[in-house]
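Visitor: Below you'll find the structure I mean.
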Amino acid sequence: MELNDPAMKVLYAYTRALSVALDYRDQPTRLHSERVRDLSASIAVRHGLSGADLEAVLIAASFHDIGKIGVPDHILMKTAPFSADEWEKMKRHAEIGSDIIAATGITEAERASKVIRHHHEHFDGSGYPDGLAGMSIPICSRIISIADSYDAMAVTRSYHPPRKHEEIMAILHDETGVKHDPQVMATFYKVIESDSFREMRR
Ligand SMILES: [Fe+2]
């Protein structure tokens with residue numbers, strides 16, 4: 001899936017350089033971001049998004065964790081559970097990422113910046129940074145949140161081994177209506193069960 005808008009192409013190029021910088025610090029984040037971009041784009045199309053919304057999904061999903069560039073190494077690389085203070089610093093990546101995209105000064109970046117800011121909001125209002133709930137959370141953020149959760153559980157992380165597809169789906173099912181939007185989740189089921197995503201399943 002390609003970006004058509006010239007301004008969005010420029011935004012992608014600006015931000016791509018930063019994502020390479022992040023890659024030098026934390027390679028798993030970039031690989032994860034590429035998979036989340038593909039999965040998010042497929043959910044977005046199936047959910048009926050197009051035009052500026054779809055472009056915002058592509059940009060925001062590609063760089064949703066770019067704010068981790070502002071998280072100190074001793075937290076970013078930590079394998080043990082976070083202290084309350086470390087967790088607060090890690091959570092700041094959503095706002096930092098949003099600020100980075102907004103700092104490009106490109107008018108069209110506004111939407112993607114907002115989507116990044118809210119990619120850890122929960123449907124019931126228990127997420128961060130603003131505690132938004134339901135439809136107040138941008139649709140693009142609700143989509144990325146599901147793709148992000150799926151991929152985070154499907155791969156090895158320093159703090160957990162990869163989970164099997166069925167196990168992840170059971171967890172996501174339990175989180176529907178709490179963390180995730182039930183309508184977007186219904187679309188996600190169709191996408192993840194489709195042929196093109198079978199190979200990424202375990
Ligand atoms: Fe994140």
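Ligands are numbered from 1 in the order shown, residues from 1 within each chain, and chains are lettered A, B, ... in the order they appear in the structure tokens.
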Give the residue list for ligand 1 at 12 Å, counting only C-alpha atoms and all ligand atoms, as a count of residues only, sorted by chain and then by residue number.
Guide: 45
Visitor: Report the residues of range 96-135 of chain A whose backbone DSSP state falls under alpha helix (DSSP H), written as a tab-separated table (two decimals) with N, CA and C atoms, in the first residue's frame.
Guide:
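So the final result, stored in out-v4.tsv, reads:
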```
chain	number	residue	atom	x	y	z
A	96	ILE	N	5.69	11.80	23.16
A	96	ILE	CA	6.94	12.20	22.49
A	96	ILE	C	6.83	11.94	20.99
A	97	GLY	N	6.31	10.76	20.62
A	97	GLY	CA	6.15	10.42	19.21
A	97	GLY	C	5.23	11.41	18.50
A	98	SER	N	4.16	11.76	19.18
A	98	SER	CA	3.20	12.72	18.64
A	98	SER	C	3.88	14.07	18.40
A	99	ASP	N	4.69	14.49	19.37
A	99	ASP	CA	5.41	15.77	19.25
A	99	ASP	C	6.41	15.74	18.09
A	100	ILE	N	7.08	14.60	17.92
A	100	ILE	CA	8.08	14.47	16.85
A	100	ILE	C	7.41	14.66	15.48
A	101	ILE	N	6.28	13.98	15.28
A	101	ILE	CA	5.58	14.08	13.99
A	101	ILE	C	5.07	15.51	13.78
A	102	ALA	N	4.53	16.11	14.85
A	102	ALA	CA	4.00	17.47	14.74
A	102	ALA	C	5.11	18.46	14.43
A	109	ALA	N	0.45	16.50	8.82
A	109	ALA	CA	0.98	15.63	9.89
A	109	ALA	C	0.11	15.66	11.14
A	110	GLU	N	-0.77	16.67	11.22
A	110	GLU	CA	-1.58	16.85	12.41
A	110	GLU	C	-2.39	15.60	12.78
A	111	ARG	N	-3.02	15.03	11.76
A	111	ARG	CA	-3.86	13.86	12.01
A	111	ARG	C	-3.02	12.68	12.50
A	112	ALA	N	-1.89	12.42	11.82
A	112	ALA	CA	-1.03	11.30	12.21
A	112	ALA	C	-0.46	11.52	13.62
A	113	SER	N	-0.15	12.77	13.93
A	113	SER	CA	0.39	13.11	15.25
A	113	SER	C	-0.63	12.75	16.34
A	114	LYS	N	-1.87	13.08	16.09
A	114	LYS	CA	-2.95	12.79	17.03
A	114	LYS	C	-3.15	11.27	17.18
A	115	VAL	N	-3.07	10.59	16.05
A	115	VAL	CA	-3.27	9.13	16.07
A	115	VAL	C	-2.17	8.47	16.92
A	116	ILE	N	-0.94	8.95	16.77
A	116	ILE	CA	0.16	8.39	17.56
A	116	ILE	C	-0.04	8.69	19.04
A	117	ARG	N	-0.43	9.92	19.35
A	117	ARG	CA	-0.66	10.28	20.76
A	117	ARG	C	-1.63	9.31	21.44
```
Visitor: Find the spatial neighbours of Ala41 in chain A, counting only C-alpha atoms, within a cut-off of 9 Å - ignore same-chain residues fewer than 6 positions away - and output them as a ChimeraX atom specification.
Guide: /A:1,54-55,57-58,61,143-144
